[in-house]
file structure-v3.txt (compact mmCIF, C-alpha atoms and all ligand atoms)
# COMPACT_ATOMS: atom_id res chain seq x y z
CA MET A 1 -83.79 -101.20 167.93
CA LYS A 2 -80.51 -99.28 167.97
CA LYS A 3 -79.28 -98.67 171.50
CA VAL A 4 -78.82 -95.11 172.75
CA THR A 5 -75.19 -94.43 173.71
CA VAL A 6 -75.15 -92.65 177.07
CA GLY A 7 -72.02 -91.14 178.56
CA ILE A 8 -72.26 -91.28 182.34
CA LEU A 9 -70.05 -88.75 184.12
CA PHE A 10 -69.28 -89.50 187.76
CA GLY A 11 -66.96 -88.33 190.58
CA GLY A 12 -65.77 -84.83 189.86
CA ASN A 13 -63.51 -82.13 191.15
CA SER A 14 -65.91 -81.17 193.95
CA ALA A 15 -66.44 -81.56 197.69
CA GLU A 16 -69.31 -83.88 196.72
CA TYR A 17 -67.15 -86.37 194.80
CA LYS A 18 -68.12 -89.33 197.02
CA VAL A 19 -71.84 -88.60 196.90
CA SER A 20 -71.58 -88.57 193.11
CA LEU A 21 -69.99 -92.05 193.10
CA LYS A 22 -72.98 -93.45 194.97
CA SER A 23 -75.51 -91.55 192.85
CA ALA A 24 -73.86 -92.73 189.64
CA TYR A 25 -73.94 -96.35 190.81
CA SER A 26 -77.73 -96.06 191.30
CA ILE A 27 -78.25 -94.57 187.85
CA ILE A 28 -75.92 -97.02 186.08
CA THR A 29 -77.46 -100.10 187.65
CA ASN A 30 -80.99 -98.91 186.90
CA LEU A 31 -80.60 -98.17 183.20
CA ASP A 32 -81.98 -100.86 180.93
CA PRO A 33 -78.98 -102.55 179.19
CA ALA A 34 -81.25 -103.59 176.32
CA LYS A 35 -81.99 -99.94 175.57
CA TYR A 36 -78.83 -98.10 176.61
CA GLU A 37 -75.15 -98.59 175.81
CA LEU A 38 -73.21 -97.03 178.70
CA ILE A 39 -69.88 -95.27 178.36
CA LEU A 40 -68.64 -94.64 181.90
CA ILE A 41 -66.41 -91.62 182.37
CA GLY A 42 -64.99 -91.04 185.83
CA ILE A 43 -63.52 -87.71 186.88
CA THR A 44 -61.02 -87.95 189.72
CA LYS A 45 -60.94 -85.51 192.64
CA ASP A 46 -58.12 -83.75 190.81
CA GLY A 47 -60.24 -83.37 187.70
CA VAL A 48 -58.59 -86.09 185.58
CA TRP A 49 -61.01 -87.69 183.08
CA LYS A 50 -60.86 -91.46 182.60
CA ARG A 51 -63.00 -93.90 180.69
CA TYR A 52 -63.82 -96.75 183.06
CA ASP A 53 -64.59 -100.30 181.94
CA GLY A 54 -64.41 -102.23 185.22
CA PRO A 55 -67.06 -103.59 187.58
CA PHE A 56 -69.79 -101.17 188.63
CA GLU A 57 -69.26 -101.98 192.34
CA ALA A 58 -65.82 -100.34 192.32
CA ILE A 59 -67.46 -96.97 191.68
CA PRO A 60 -69.23 -96.48 195.05
CA GLN A 61 -66.25 -98.15 196.75
CA ASP A 62 -64.03 -95.46 195.19
CA THR A 63 -61.55 -98.00 193.84
CA TRP A 64 -62.61 -97.49 190.21
CA SER A 65 -59.62 -95.34 189.26
CA ASP A 66 -57.07 -98.01 190.28
CA SER A 67 -57.47 -99.95 187.02
CA ASP A 68 -59.54 -100.52 183.87
CA CYS A 69 -59.16 -96.86 182.90
CA THR A 70 -58.14 -95.03 179.73
CA PRO A 71 -57.52 -91.26 179.43
CA VAL A 72 -60.47 -89.61 177.74
CA ALA A 73 -61.64 -86.14 176.70
CA ILE A 74 -64.91 -84.67 175.44
CA LEU A 75 -64.34 -83.13 172.05
CA PRO A 76 -65.68 -79.58 171.87
CA ASP A 77 -66.00 -79.82 168.08
CA PRO A 78 -69.75 -80.31 167.38
CA GLY A 79 -69.00 -82.21 164.18
CA LEU A 80 -67.23 -84.91 166.16
CA HIS A 81 -69.94 -85.21 168.83
CA GLY A 82 -68.24 -87.50 171.29
CA ILE A 83 -65.13 -88.48 173.19
CA LEU A 84 -61.54 -89.10 172.26
CA MET A 85 -59.59 -91.86 173.98
CA LYS A 86 -55.95 -92.75 173.93
CA SER A 87 -55.16 -96.41 174.17
CA GLU A 88 -51.86 -98.14 173.31
CA GLY A 89 -50.67 -95.02 171.54
CA MET A 90 -53.75 -94.83 169.30
CA PHE A 91 -56.53 -92.25 169.42
CA THR A 92 -60.09 -93.48 168.98
CA ARG A 93 -63.32 -91.51 168.85
CA THR A 94 -66.65 -92.69 170.28
CA HIS A 95 -69.94 -91.00 169.39
CA LEU A 96 -72.23 -90.14 172.33
CA ASP A 97 -75.97 -89.68 171.83
CA VAL A 98 -76.43 -88.05 175.21
CA VAL A 99 -74.52 -87.43 178.45
CA PHE A 100 -75.89 -87.90 181.96
CA PRO A 101 -73.67 -85.80 184.25
CA VAL A 102 -74.23 -87.50 187.61
CA LEU A 103 -72.07 -84.89 189.28
CA HIS A 104 -72.90 -82.77 192.29
CA GLY A 105 -71.73 -79.33 193.28
CA LYS A 106 -68.99 -77.25 191.74
CA ASN A 107 -67.61 -78.22 188.34
CA GLY A 108 -70.58 -80.47 187.69
CA GLU A 109 -73.87 -78.98 188.71
CA ASP A 110 -72.93 -75.36 188.14
CA GLY A 111 -73.11 -74.99 184.36
CA THR A 112 -69.48 -75.77 183.59
CA ILE A 113 -70.00 -79.33 182.32
CA GLN A 114 -73.23 -78.23 180.68
CA SER A 115 -71.26 -75.56 178.73
CA LEU A 116 -68.73 -78.10 177.52
CA LEU A 117 -71.52 -80.39 176.31
CA GLN A 118 -73.33 -77.49 174.65
CA LEU A 119 -70.15 -76.60 172.76
CA ALA A 120 -69.84 -80.22 171.68
CA ASP A 121 -73.55 -80.27 170.70
CA ILE A 122 -74.12 -83.33 172.88
CA PRO A 123 -77.53 -83.43 174.60
CA CYS A 124 -77.15 -83.23 178.36
CA VAL A 125 -79.53 -84.65 180.97
CA GLY A 126 -81.01 -82.04 183.28
CA CYS A 127 -80.78 -78.28 183.46
CA GLY A 128 -78.88 -76.20 180.92
CA VAL A 129 -75.96 -73.80 181.34
CA LEU A 130 -77.70 -70.71 182.69
CA SER A 131 -80.19 -72.53 184.86
CA SER A 132 -77.49 -74.76 186.40
CA ALA A 133 -75.30 -71.76 187.13
CA MET A 134 -78.15 -69.74 188.64
CA CYS A 135 -79.36 -72.59 190.83
CA MET A 136 -75.85 -73.29 192.08
CA ASP A 137 -75.46 -69.73 193.33
CA LYS A 138 -77.63 -69.18 196.40
CA ASP A 139 -77.42 -65.40 196.06
CA ILE A 140 -78.49 -65.30 192.40
CA SER A 141 -81.19 -67.98 192.70
CA HIS A 142 -82.69 -66.16 195.70
CA ARG A 143 -82.88 -62.91 193.75
CA ILE A 144 -84.68 -64.59 190.82
CA VAL A 145 -87.11 -66.46 193.05
CA LYS A 146 -87.84 -63.35 195.12
CA ASP A 147 -88.57 -61.52 191.89
CA ALA A 148 -91.14 -64.23 191.10
CA GLY A 149 -92.99 -63.26 194.29
CA ILE A 150 -91.82 -66.12 196.51
CA ARG A 151 -90.38 -65.44 199.96
CA VAL A 152 -86.66 -66.06 200.47
CA PRO A 153 -84.66 -65.65 203.72
CA GLU A 154 -83.27 -62.17 204.37
CA THR A 155 -79.62 -62.36 203.31
CA VAL A 156 -76.38 -60.41 203.45
CA VAL A 157 -73.86 -61.32 200.75
CA LEU A 158 -70.10 -60.98 201.32
CA THR A 159 -67.60 -61.02 198.49
CA GLY A 160 -64.35 -60.00 200.16
CA SER A 161 -62.54 -60.11 203.46
CA VAL A 162 -64.31 -58.49 206.36
CA SER A 163 -63.57 -57.66 210.01
CA LYS A 164 -65.64 -58.73 213.01
CA GLU A 165 -66.81 -55.15 213.53
CA GLN A 166 -67.90 -54.81 209.88
CA LEU A 167 -69.78 -58.11 210.14
CA ASP A 168 -71.64 -57.02 213.25
CA GLU A 169 -72.65 -53.85 211.48
CA LEU A 170 -73.73 -55.66 208.31
CA ILE A 171 -76.11 -57.95 210.11
CA THR A 172 -77.67 -55.34 212.38
CA GLY A 173 -81.37 -56.04 212.21
CA PHE A 174 -80.90 -59.83 212.03
CA ARG A 175 -81.84 -62.02 214.99
CA TYR A 176 -79.52 -64.87 215.91
CA PRO A 177 -79.21 -67.69 215.03
CA VAL A 178 -78.13 -67.02 211.45
CA PHE A 179 -76.89 -69.43 208.78
CA VAL A 180 -73.55 -68.79 207.14
CA LYS A 181 -72.84 -70.63 203.91
CA PRO A 182 -70.78 -70.54 200.72
CA ALA A 183 -72.96 -69.09 197.93
CA ASN A 184 -71.82 -71.98 195.71
CA GLY A 185 -71.70 -75.22 197.64
CA GLY A 186 -73.61 -78.34 198.52
CA SER A 187 -74.14 -81.24 200.94
CA SER A 188 -73.83 -78.70 203.78
CA PHE A 189 -70.06 -78.31 203.32
CA GLY A 190 -68.98 -74.99 204.84
CA VAL A 191 -72.48 -74.33 206.27
CA ASN A 192 -72.75 -73.24 209.92
CA LYS A 193 -75.54 -72.20 212.22
CA VAL A 194 -74.22 -69.30 214.28
CA VAL A 195 -75.94 -68.61 217.58
CA ASP A 196 -74.26 -65.33 218.54
CA SER A 197 -71.84 -62.73 217.26
CA SER A 198 -68.78 -64.46 218.78
CA GLY A 199 -68.93 -67.28 216.20
CA LEU A 200 -69.72 -65.21 213.12
CA LEU A 201 -66.27 -64.37 211.78
CA GLU A 202 -65.03 -67.96 212.17
CA ALA A 203 -68.09 -69.25 210.26
CA VAL A 204 -67.51 -66.72 207.46
CA ILE A 205 -63.86 -67.78 207.16
CA GLU A 206 -64.89 -71.44 206.99
CA ALA A 207 -67.47 -70.71 204.26
CA GLN A 208 -64.81 -68.74 202.34
CA ASN A 209 -62.79 -71.97 202.08
CA TYR A 210 -65.50 -73.21 199.70
CA ASP A 211 -66.38 -70.01 197.84
CA SER A 212 -65.24 -66.41 197.79
CA LYS A 213 -68.91 -65.37 197.94
CA VAL A 214 -70.61 -66.06 201.28
CA CYS A 215 -74.27 -65.68 202.35
CA ILE A 216 -75.43 -64.87 205.85
CA GLU A 217 -79.13 -65.71 206.13
CA GLU A 218 -81.82 -65.25 208.73
CA ALA A 219 -82.75 -68.65 210.18
CA ILE A 220 -86.22 -69.73 209.13
CA ASP A 221 -88.24 -71.26 211.96
CA GLY A 222 -90.24 -74.30 210.91
CA CYS A 223 -89.35 -77.43 209.00
CA GLU A 224 -87.64 -78.22 205.69
CA VAL A 225 -89.69 -79.63 202.84
CA GLY A 226 -88.71 -80.75 199.37
CA CYS A 227 -90.19 -81.55 195.99
CA ALA A 228 -88.75 -83.83 193.33
CA ILE A 229 -89.59 -82.56 189.85
CA LEU A 230 -89.22 -84.42 186.56
CA GLY A 231 -90.16 -82.92 183.22
CA ASN A 232 -90.10 -79.74 181.20
CA VAL A 233 -91.89 -76.41 181.60
CA ASP A 234 -95.47 -77.36 180.78
CA ASP A 235 -95.34 -81.04 181.71
CA LEU A 236 -93.95 -81.48 185.21
CA THR A 237 -94.29 -84.60 187.34
CA VAL A 238 -93.90 -83.84 191.05
CA GLY A 239 -93.14 -86.58 193.59
CA GLU A 240 -94.60 -86.73 197.09
CA VAL A 241 -93.49 -83.86 199.32
CA ASP A 242 -90.92 -84.83 201.94
CA GLN A 243 -90.19 -83.28 205.31
CA ILE A 244 -86.98 -83.21 207.31
CA VAL A 245 -87.49 -83.54 211.03
CA LEU A 246 -84.45 -82.33 212.97
CA SER A 247 -83.76 -83.11 216.61
CA HIS A 248 -81.05 -80.44 216.75
CA GLY A 249 -78.53 -78.62 214.51
CA PHE A 250 -79.17 -78.68 210.78
CA PHE A 251 -79.35 -81.11 207.88
CA ARG A 252 -75.96 -82.55 206.89
CA ILE A 253 -76.68 -86.18 206.09
CA HIS A 254 -73.97 -86.56 203.42
CA GLN A 255 -71.28 -85.79 205.96
CA GLU A 256 -72.24 -88.66 208.25
CA SER A 257 -70.18 -91.83 208.30
CA GLN A 258 -73.05 -94.24 207.54
CA PRO A 259 -75.91 -92.19 206.14
CA GLU A 260 -77.52 -95.36 204.72
CA LYS A 261 -78.16 -96.63 208.24
CA GLU A 262 -79.25 -93.55 210.15
CA SER A 263 -78.70 -89.89 210.66
CA GLU A 264 -77.39 -88.36 213.86
CA ASN A 265 -79.98 -85.57 213.95
CA SER A 266 -82.47 -85.91 211.10
CA THR A 267 -85.34 -88.11 209.98
CA ILE A 268 -86.87 -87.78 206.55
CA ARG A 269 -90.61 -88.30 206.32
CA VAL A 270 -91.94 -89.25 202.90
CA PRO A 271 -94.71 -88.38 202.37
CA ALA A 272 -94.63 -85.39 204.70
CA GLU A 273 -97.04 -85.30 207.61
CA ILE A 274 -98.50 -81.98 206.55
CA PRO A 275 -102.15 -81.20 205.63
CA GLN A 276 -102.98 -82.02 202.00
CA GLU A 277 -103.85 -78.44 201.05
CA VAL A 278 -100.48 -77.22 202.39
CA GLN A 279 -98.72 -79.98 200.42
CA ALA A 280 -100.53 -78.79 197.28
CA GLN A 281 -99.29 -75.26 197.96
CA ILE A 282 -95.72 -76.57 198.46
CA LYS A 283 -95.88 -78.45 195.13
CA GLN A 284 -97.21 -75.42 193.28
CA THR A 285 -94.48 -73.19 194.76
CA ALA A 286 -91.87 -75.79 193.71
CA ARG A 287 -93.20 -75.78 190.13
CA ASP A 288 -93.13 -71.97 190.09
CA ILE A 289 -89.51 -71.98 191.33
CA PHE A 290 -88.49 -74.63 188.77
CA ARG A 291 -89.93 -72.50 185.98
CA ALA A 292 -88.62 -69.15 187.31
CA LEU A 293 -85.10 -70.55 187.31
CA GLY A 294 -85.46 -72.04 183.84
CA CYS A 295 -84.92 -75.63 185.02
CA ALA A 296 -85.28 -78.55 182.63
CA GLY A 297 -85.40 -82.33 182.98
CA LEU A 298 -85.09 -82.77 186.70
CA ALA A 299 -84.37 -80.90 189.89
CA ARG A 300 -85.09 -81.06 193.60
CA VAL A 301 -86.58 -77.90 195.05
CA ASP A 302 -85.87 -77.38 198.76
CA MET A 303 -88.01 -75.05 200.80
CA PHE A 304 -88.85 -74.23 204.40
CA LEU A 305 -92.37 -74.34 205.78
CA THR A 306 -92.85 -71.82 208.58
CA LEU A 307 -94.98 -72.55 211.63
CA ASP A 308 -97.85 -70.57 210.05
CA HIS A 309 -97.50 -72.51 206.77
CA GLU A 310 -95.69 -69.96 204.66
CA VAL A 311 -93.42 -71.52 202.03
CA VAL A 312 -89.91 -70.01 201.90
CA PHE A 313 -87.39 -70.89 199.20
CA ASN A 314 -84.07 -72.48 200.20
CA GLU A 315 -82.34 -73.88 197.12
CA VAL A 316 -82.63 -75.96 193.96
CA ASN A 317 -80.37 -78.95 193.40
CA THR A 318 -80.19 -79.42 189.65
CA MET A 319 -78.52 -82.83 189.97
CA PRO A 320 -79.93 -84.15 193.24
CA GLY A 321 -78.46 -87.19 195.00
CA PHE A 322 -79.54 -90.61 193.75
CA THR A 323 -78.03 -92.68 196.58
CA ASN A 324 -80.24 -95.25 198.28
CA TYR A 325 -80.97 -92.76 201.08
CA SER A 326 -81.37 -89.70 198.84
CA ARG A 327 -84.47 -87.57 198.96
CA TYR A 328 -85.23 -87.23 195.23
CA PRO A 329 -85.63 -90.96 194.47
CA ARG A 330 -87.51 -91.50 197.75
CA MET A 331 -90.04 -88.77 196.92
CA MET A 332 -90.53 -90.21 193.45
CA LYS A 333 -90.80 -93.76 194.78
CA ALA A 334 -93.58 -92.61 197.13
CA ALA A 335 -95.39 -91.36 194.02
CA GLY A 336 -94.87 -94.74 192.30
CA ILE A 337 -91.91 -93.74 190.10
CA SER A 338 -88.74 -95.86 190.26
CA ILE A 339 -85.13 -94.77 189.67
CA ALA A 340 -85.22 -96.73 186.40
CA GLN A 341 -88.21 -94.69 185.25
CA ILE A 342 -86.64 -91.39 186.39
CA ALA A 343 -83.37 -92.08 184.58
CA ASP A 344 -85.15 -93.26 181.44
CA ARG A 345 -87.45 -90.22 181.30
CA ALA A 346 -84.60 -87.79 182.06
CA ILE A 347 -82.57 -89.17 179.15
CA GLN A 348 -85.55 -89.07 176.80
CA LEU A 349 -86.24 -85.45 177.83
CA ALA A 350 -82.64 -84.49 177.06
CA LEU A 351 -82.93 -86.06 173.60
CA LEU A 352 -86.28 -84.34 173.06
CA ASN A 353 -84.89 -80.92 174.14
CA CYS A 354 -82.19 -81.32 171.61
CA ARG A 355 -84.63 -82.21 168.83
CA THR A 356 -86.88 -79.28 169.80
CA ALA A 357 -83.89 -76.95 169.68
CA GLY A 358 -83.24 -78.21 166.17
CA ARG A 359 -79.78 -79.52 166.95
CA ALA A 360 -78.17 -82.64 165.55
CA GLU A 361 -78.75 -85.86 167.49
N1 LIG A 401 -81.94 -69.84 206.35
C1 LIG A 401 -82.00 -71.03 206.94
N2 LIG A 401 -82.88 -71.28 207.94
C2 LIG A 401 -82.94 -72.49 208.55
N3 LIG A 401 -82.11 -73.53 208.25
C3 LIG A 401 -81.21 -73.36 207.27
C4 LIG A 401 -81.10 -72.11 206.56
N4 LIG A 401 -80.13 -72.24 205.65
C5 LIG A 401 -79.64 -73.48 205.78
N5 LIG A 401 -80.27 -74.17 206.75
C6 LIG A 401 -79.96 -75.55 207.19
O1 LIG A 401 -78.67 -75.92 206.68
C7 LIG A 401 -78.79 -77.00 205.72
C8 LIG A 401 -77.79 -76.81 204.59
O2 LIG A 401 -77.99 -75.55 203.96
P1 LIG A 401 -78.27 -75.42 202.41
O3 LIG A 401 -78.49 -73.97 202.12
O4 LIG A 401 -79.36 -76.34 202.01
O5 LIG A 401 -76.87 -75.83 201.79
P2 LIG A 401 -76.38 -77.05 200.87
O6 LIG A 401 -76.42 -76.55 199.47
O7 LIG A 401 -74.98 -77.30 201.33
O8 LIG A 401 -77.34 -78.21 201.09
C9 LIG A 401 -80.26 -76.95 205.31
O9 LIG A 401 -80.71 -78.20 204.84
C10 LIG A 401 -80.93 -76.55 206.60
O10 LIG A 401 -80.98 -77.66 207.53
MG MG A 402 -79.36 -78.12 200.91
call {"tool": "encode", "arguments": {"input": "structure-v3.txt", "output": "structure tokens", "more": "lines below"}}
Ligand SMILES: Nc1ncnc2c1ncn2[C@@H]1O[C@H](COP(=O)(O)OP(=O)(O)O)[C@@H](O)[C@H]1O
Ligand SMILES: [Mg+2]
result
Amino acid sequence: MKKVTVGILFGGNSAEYKVSLKSAYSIITNLDPAKYELILIGITKDGVWKRYDGPFEAIPQDTWSDSDCTPVAILPDPGLHGILMKSEGMFTRTHLDVVFPVLHGKNGEDGTIQSLLQLADIPCVGCGVLSSAMCMDKDISHRIVKDAGIRVPETVVLTGSVSKEQLDELITGFRYPVFVKPANGGSSFGVNKVVDSSGLLEAVIEAQNYDSKVCIEEAIDGCEVGCAILGNVDDLTVGEVDQIVLSHGFFRIHQESQPEKESENSTIRVPAEIPQEVQAQIKQTARDIFRALGCAGLARVDMFLTLDHEVVFNEVNTMPGFTNYSRYPRMMKAAGISIAQIADRAIQLALLNCRTAGRAE
């Protein structure tokens, strides 16, 4: 059987560069070498693309870019369908059957990479251009999900500079605490819980360091729950629901020094300790959100569960973390699905999407 050539993109010009290195390591080491030929393409924090041929372990250690690298570029020409490398003064082209962009956050999960691959006519694992872009933007995704009849937190959106007085006026009617966050972000970078008006402007300025669009949201009382989804519109597999139990503050596990060992303020329960009928409602809401936002392949849908069991949308991560402490693989594992099976199915779905769309393979 001919092997499928998979380009794995990792790293990226994003605040979540390091999380991506760990996620990519999990995916790479779980793909069956008898079935898949891997072409590893690292993107440095500065956005430089390099083909990497060294040991896998150097990826999570972030030493991969020191050696064993060749400059590489995706060719936008659909007839060429692959990458171009420069080595010893010579250009060589390598065909890719599919690309798995194991990239989180901006410039990876937001439709940009997906657009490049669409131009090149290379099937891409996960959500497409529009869906990735919508899910990345917390303002836009909330509008779409609200339109589908699902509750979202009350939000004020800021797009320019603002004074303290204007801010106070804008959020009249909100109760503190509120959450201030970049509309396009991830891993809790630039997110702050603000307990009174004295901290609001500072939190907005911090969020503006990550995105010019900032959301101020009512805080939802209750717990956070998530659903891992794998599949396409009419055939979705949903993992066990998880639940984040916080002792204080908010969820920011990726910013901790040793998240593999423990978290300073959060415990993740998989499966959630929530009545079965409520879990069924959470899963159904997650499926509805996945479909409303046009997701494909895989995504993690994050929601809040209020004290009276109302499900409120938070966000969709179209390329969720795959580290050994990440929620998506843990929810799937609890449902009996391994990372190897997730990665295999996600790749097959990308190839199938492409065939269904009538494009060249
Ligand atoms: N409206 C809200 N109500 C309660 N907690 C929130 C709210 N918004 C964010 N949080 C807390 O902040 C964390 C990070 O915010 P989130 O919107 O998920 O951003 P990111 O994309 O960076 O993960 C959430 O996991 C949750 O703990
Ligand atoms: Mg989040």
call {"tool": "axis_aligned_box", "arguments": {"input": "structure-v3.txt", "around": "ligand LIG 401 (chain A)", "padding_each_side": "8 Å", "output": "JSON"}}
result
{"center_x": -79.0, "center_y": -74.0, "center_z": 204.0, "size_x": 24.0, "size_y": 24.4, "size_z": 25.1}
call {"tool": "closest_atom_pairs", "arguments": {"input": "structure-v3.txt", "of": "chain A", "to": "ligand MG 402 (chain A)", "cutoff": "9 Å", "atoms": "all atoms listed in the file", "output": "JSON lines"}}
result
{"residue": "A:Gly185", "atom": "CA", "partner": "A:MG402", "partner_atom": "MG", "distance": 8.8}
{"residue": "A:Gly186", "atom": "CA", "partner": "A:MG402", "partner_atom": "MG", "distance": 6.2}
{"residue": "A:Ser187", "atom": "CA", "partner": "A:MG402", "partner_atom": "MG", "distance": 6.1}
{"residue": "A:Ser188", "atom": "CA", "partner": "A:MG402", "partner_atom": "MG", "distance": 6.3}
{"residue": "A:Phe251", "atom": "CA", "partner": "A:MG402", "partner_atom": "MG", "distance": 7.6}
{"residue": "A:Arg252", "atom": "CA", "partner": "A:MG402", "partner_atom": "MG", "distance": 8.2}
{"residue": "A:Asp302", "atom": "CA", "partner": "A:MG402", "partner_atom": "MG", "distance": 6.9}
{"residue": "A:Asn314", "atom": "CA", "partner": "A:MG402", "partner_atom": "MG", "distance": 7.4}
{"residue": "A:Glu315", "atom": "CA", "partner": "A:MG402", "partner_atom": "MG", "distance": 6.4}
{"residue": "A:Val316", "atom": "CA", "partner": "A:MG402", "partner_atom": "MG", "distance": 8.0}
{"residue": "A:Asn317", "atom": "CA", "partner": "A:MG402", "partner_atom": "MG", "distance": 7.6}
call {"tool": "atom_distance", "arguments": {"input": "structure-v3.txt", "atom1": "CA of Gly297 in chain A", "atom2": "CA of Tyr25 in chain A"}}
result
19.7 Å
call {"tool": "residues_near_ligand", "arguments": {"input": "structure-v3.txt", "ligand": "ligand LIG 401 (chain A)", "cutoff": "9 Å", "atoms": "all atoms listed in the file", "output": "CSV table (one decimal) with C-alpha atoms, in the coordinates of the input"}}
result
chain,number,residue,atom,x,y,z
A,105,GLY,CA,-71.7,-79.3,193.3
A,136,MET,CA,-75.8,-73.3,192.1
A,138,LYS,CA,-77.6,-69.2,196.4
A,152,VAL,CA,-86.7,-66.1,200.5
A,153,PRO,CA,-84.7,-65.6,203.7
A,154,GLU,CA,-83.3,-62.2,204.4
A,155,THR,CA,-79.6,-62.4,203.3
A,177,PRO,CA,-79.2,-67.7,215.0
A,178,VAL,CA,-78.1,-67.0,211.4
A,179,PHE,CA,-76.9,-69.4,208.8
A,180,VAL,CA,-73.6,-68.8,207.1
A,181,LYS,CA,-72.8,-70.6,203.9
A,182,PRO,CA,-70.8,-70.5,200.7
A,183,ALA,CA,-73.0,-69.1,197.9
A,184,ASN,CA,-71.8,-72.0,195.7
A,185,GLY,CA,-71.7,-75.2,197.6
A,186,GLY,CA,-73.6,-78.3,198.5
A,187,SER,CA,-74.1,-81.2,200.9
A,188,SER,CA,-73.8,-78.7,203.8
A,189,PHE,CA,-70.1,-78.3,203.3
A,190,GLY,CA,-69.0,-75.0,204.8
A,191,VAL,CA,-72.5,-74.3,206.3
A,192,ASN,CA,-72.8,-73.2,209.9
A,193,LYS,CA,-75.5,-72.2,212.2
A,216,ILE,CA,-75.4,-64.9,205.8
A,217,GLU,CA,-79.1,-65.7,206.1
A,218,GLU,CA,-81.8,-65.2,208.7
A,219,ALA,CA,-82.8,-68.6,210.2
A,220,ILE,CA,-86.2,-69.7,209.1
A,221,ASP,CA,-88.2,-71.3,212.0
A,222,GLY,CA,-90.2,-74.3,210.9
A,223,CYS,CA,-89.4,-77.4,209.0
A,224,GLU,CA,-87.6,-78.2,205.7
A,244,ILE,CA,-87.0,-83.2,207.3
A,246,LEU,CA,-84.4,-82.3,213.0
A,249,GLY,CA,-78.5,-78.6,214.5
A,250,PHE,CA,-79.2,-78.7,210.8
A,251,PHE,CA,-79.4,-81.1,207.9
A,252,ARG,CA,-76.0,-82.6,206.9
A,302,ASP,CA,-85.9,-77.4,198.8
A,303,MET,CA,-88.0,-75.0,200.8
A,304,PHE,CA,-88.8,-74.2,204.4
A,314,ASN,CA,-84.1,-72.5,200.2
A,315,GLU,CA,-82.3,-73.9,197.1
A,316,VAL,CA,-82.6,-76.0,194.0
A,317,ASN,CA,-80.4,-79.0,193.4
call {"tool": "closest_residue", "arguments": {"input": "structure-v3.txt", "among": "A:Glu16, A:Asp66, A:Asp53, A:Asp211", "to": "His104 in chain A", "atoms": "all atoms listed in the file"}}
result
A:Glu16
call {"tool": "closest_atom_pairs", "arguments": {"input": "structure-v3.txt", "of": "range 248-303 of chain A", "to": "range 333-345 of chain A", "cutoff": "10 Å", "atoms": "all atoms listed in the file", "output": "JSON lines"}}
result
{"residue": "A:Val270", "atom": "CA", "partner": "A:Ala334", "partner_atom": "CA", "distance": 6.9}
{"residue": "A:Pro271", "atom": "CA", "partner": "A:Ala334", "partner_atom": "CA", "distance": 6.8}
{"residue": "A:Gly297", "atom": "CA", "partner": "A:Arg345", "partner_atom": "CA", "distance": 8.3}
{"residue": "A:Leu298", "atom": "CA", "partner": "A:Ile342", "partner_atom": "CA", "distance": 8.8}
call {"tool": "residues_around", "arguments": {"input": "structure-v3.txt", "residues": "Phe313 in chain A", "least_positions_apart": "4", "cutoff": "12 Å", "atoms": "only C-alpha atoms", "output": "ChimeraX atom specification"}}
result
/A:135,138-139,141-154,217,220,223-227,282,285-290,300-306
call {"tool": "residues_near_point", "arguments": {"input": "structure-v3.txt", "point": "(-71.6, -86.3, 191.7)", "cutoff": "9 Å", "atoms": "only C-alpha atoms", "output": "ChimeraX atom specification"}}
result
/A:9-12,14,16-24,101-105,108-109,319-321
call {"tool": "closest_residue", "arguments": {"input": "structure-v3.txt", "among": "A:Cys215, A:Met331, A:Leu40, A:Val312", "to": "Ile268 in chain A", "atoms": "only C-alpha atoms"}}
result
A:Met331
call {"tool": "atom_distance", "arguments": {"input": "structure-v3.txt", "atom1": "CA of Val233 in chain A", "atom2": "CA of Gln118 in chain A"}}
result
19.8 Å
